[in-house]
Amino acid sequence: IGYIEFTSFALPSEEAQKTIRSAIQFLSHTDALIIDLRNNRGGSGKSNNLLGYFFKEKTKTGRNFNRLTNTWTENIIEPEDFFLDIPVYVLTSKNTFSAAEGFAYILQNQHNAVVVGEPTSGGAHLTRSFSLGNGLVGFIPYLRSENEKTHTDWEGTGVIPEVRTEAKNALLFAQNKLLENKLKNANENEKSKIQWLINYNQSKITTI
């Protein structure tokens with residue numbers, strides 16, 4: 001099982017893209033991938049086109065409405081030069097925010113990724129500062145998104161996991177879900193090893 005943690009999404013850059021490509025290519029040899037966003041507070045919505053590794057062809061994921069210009073713009077994912085065709089699980093917590101929520105939301109609704117953990121913060125609408133006079137500044141939403149499949153976003157609700165558990169247990173839950181799937185097609189020798197791992201993970205899950 002591959003595992004990668006993103007604690008933020010950097011602005012697009014050639015250096016970041018090279019690093020991400022190397023990491024994803026290494027993880028492409030695994031049977032499944034867990035992406036940990038539990039401590040990710042967002043960043044760039046483009047995420048160095050990380051989503052491009054999960055889509056085989058050019059895909060419209062939705063559109064954005066800008067109140068300042070009164071215009072819609074389409075959100076398009078360009079596929080990368082190789083496709084990561086393995087099951088994907090995404091770990092979330094109440095601290096997962098903004099662009100990290102958008103990343104999880106797209107994978108959940110348009111790639112059939114399984115989200116495990118806690119509902120996210122619920123910050124979908126971009127804000128910017130506006131002068132209110134008398135030295136006061138307000139941060140007011142000006143951009144909202146609309147997903148191609150759900151026709152809404154995660155503002156106020158957060159991304160809702162298919163498997164809900166405390167964030168501290170999310171990794172163990174995801175591992176066990178993947179191991180349980182693997183158990184179904186394992187031979188007798190593999191079954192005993194996989195079942196031992198499932199039991200071991202279960203013993204480490206905190207219920208207090």
# chains A, B, ... in the order shown; residues from 1 in each chain; ligands from 1

$ residues_around --residues "Phe82 of chain A" --least-positions-apart "5" --cutoff "10 Å" --atoms "only C-alpha atoms" --output "VMD selection string"
chain A and resid 21 24 to 25 28 52 to 56

$ write_last_selection --atoms "C-alpha atoms" --output "PDB file, in the first residue's frame"
ATOM      1  CA  ARG A  21       6.116  13.220 -10.601  1.00  0.00           C
ATOM      2  CA  ILE A  24       3.820   9.419  -7.880  1.00  0.00           C
ATOM      3  CA  GLN A  25       5.838   7.305 -10.310  1.00  0.00           C
ATOM      4  CA  SER A  28       2.493   3.697  -9.046  1.00  0.00           C
ATOM      5  CA  GLY A  52      -3.748  14.854 -13.596  1.00  0.00           C
ATOM      6  CA  TYR A  53      -2.280  11.490 -12.559  1.00  0.00           C
ATOM      7  CA  PHE A  54      -5.745  10.172 -11.663  1.00  0.00           C
ATOM      8  CA  PHE A  55      -7.527  10.985 -14.922  1.00  0.00           C
ATOM      9  CA  LYS A  56      -6.917   9.114 -18.165  1.00  0.00           C
TER      10      LYS A  56
END

$ residues_around --residues "Gln108 of chain A" --least-positions-apart "4" --cutoff "12 Å" --atoms "only C-alpha atoms" --output "ChimeraX atom specification"
/A:51,54,61,87-92,101-104,112-116,147,149-150,154,159-163

$ closest_residue --among "A:Ala174, A:Ser145, A:Lys182, A:Tyr200" --to "Arg63 of chain A" --atoms "only C-alpha atoms"
A:Ser145

$ closest_residue --among "A:Arg164, A:Arg41, A:Lys58, A:His125" --to "Thr152 of chain A" --atoms "only C-alpha atoms"
A:His125

$ residues_around --residues "Thr7 of chain A" --least-positions-apart "5" --cutoff "12 Å" --atoms "only C-alpha atoms" --output "list of chain:residue names"
A:Ile35, A:Asp36, A:Leu37, A:Arg38, A:Asn39, A:Asn40, A:Arg41, A:Gly42, A:Gly43, A:Ser47, A:Leu91, A:Thr92, A:Asn95, A:Thr96, A:Phe97, A:Ala99, A:Ala100

$ write_last_selection --atoms "C-alpha atoms" --output "PDB file, in the first residue's frame"
ATOM      1  CA  ILE A  35      -3.261  10.233   0.328  1.00  0.00           C
ATOM      2  CA  ASP A  36      -3.095  11.919   3.737  1.00  0.00           C
ATOM      3  CA  LEU A  37      -4.641  15.416   3.881  1.00  0.00           C
ATOM      4  CA  ARG A  38      -5.447  15.458   7.589  1.00  0.00           C
ATOM      5  CA  ASN A  39      -3.059  18.349   8.301  1.00  0.00           C
ATOM      6  CA  ASN A  40      -3.436  20.153   4.974  1.00  0.00           C
ATOM      7  CA  ARG A  41      -4.765  23.722   5.252  1.00  0.00           C
ATOM      8  CA  GLY A  42      -4.836  24.299   1.492  1.00  0.00           C
ATOM      9  CA  GLY A  43      -2.748  26.466  -0.795  1.00  0.00           C
ATOM     10  CA  SER A  47      -1.837  21.706  -6.846  1.00  0.00           C
ATOM     11  CA  LEU A  91      -7.616  10.787   4.699  1.00  0.00           C
ATOM     12  CA  THR A  92      -9.302  13.919   6.057  1.00  0.00           C
ATOM     13  CA  ASN A  95      -8.415  20.672   9.881  1.00  0.00           C
ATOM     14  CA  THR A  96      -8.460  19.809   6.159  1.00  0.00           C
ATOM     15  CA  PHE A  97      -9.278  23.109   4.465  1.00  0.00           C
ATOM     16  CA  ALA A  99      -7.677  23.610  -1.740  1.00  0.00           C
ATOM     17  CA  ALA A 100      -7.135  20.355   0.173  1.00  0.00           C
TER      18      ALA A 100
END

$ atom_distance --atom1 "atom CA of Ile140 of chain A" --atom2 "atom CA of Leu107 of chain A"
27.6 Å

$ closest_residue --among "A:Phe26, A:Glu78, A:Phe83, A:Asn48" --to "Glu14 of chain A" --atoms "only C-alpha atoms"
A:Asn48

$ closest_residue --among "A:His151, A:Asn70, A:Ala170, A:Gln175" --to "Thr206 of chain A" --atoms "only C-alpha atoms"
A:Ala170

$ closest_residue --among "A:Ile86, A:Leu11, A:Ile205, A:Ile4" --to "Ala167 of chain A" --atoms "only C-alpha atoms"
A:Ile205

$ closest_residue --among "A:Ser98, A:Gln195, A:Thr73, A:Asn176" --to "Ile34 of chain A" --atoms "only C-alpha atoms"
A:Asn176

$ select_by_dssp --residues "chain A" --states "helix (DSSP H, G or I)" --output "JSON, numbers by chain"
{"A": [14, 15, 16, 17, 18, 19, 20, 21, 22, 23, 24, 25, 26, 27, 47, 48, 49, 50, 51, 52, 53, 54, 99, 100, 101, 102, 103, 104, 105, 106, 107, 108, 109, 110, 167, 168, 169, 170, 171, 172, 173, 174, 175, 176, 177, 178, 179, 180, 181, 182, 183, 184, 188, 189, 190, 191, 192, 193, 194, 195, 196, 197, 198, 199, 200, 201, 202, 203, 204]}

$ select_by_dssp --residues "segment 20-56 of chain A" --states "strand (DSSP E)" --output "number ranges by chain"
A: 33-36

$ atom_distance --atom1 "atom CA of Leu84 of chain A" --atom2 "atom CA of Ala16 of chain A"
18.5 Å

$ residues_around --residues "Leu172 of chain A" --least-positions-apart "6" --cutoff "9 Å" --atoms "only C-alpha atoms" --output "PDB file with C-alpha atoms, in the first residue's frame"
ATOM      1  CA  ILE A 198      -5.936  -6.560  10.001  1.00  0.00           C
ATOM      2  CA  ASN A 201      -4.231  -2.643  13.031  1.00  0.00           C
ATOM      3  CA  GLN A 202      -7.528  -3.152  14.815  1.00  0.00           C
ATOM      4  CA  LYS A 204      -4.053  -0.131  17.648  1.00  0.00           C
ATOM      5  CA  ILE A 205      -7.270   1.782  16.917  1.00  0.00           C
TER       6      ILE A 205
END
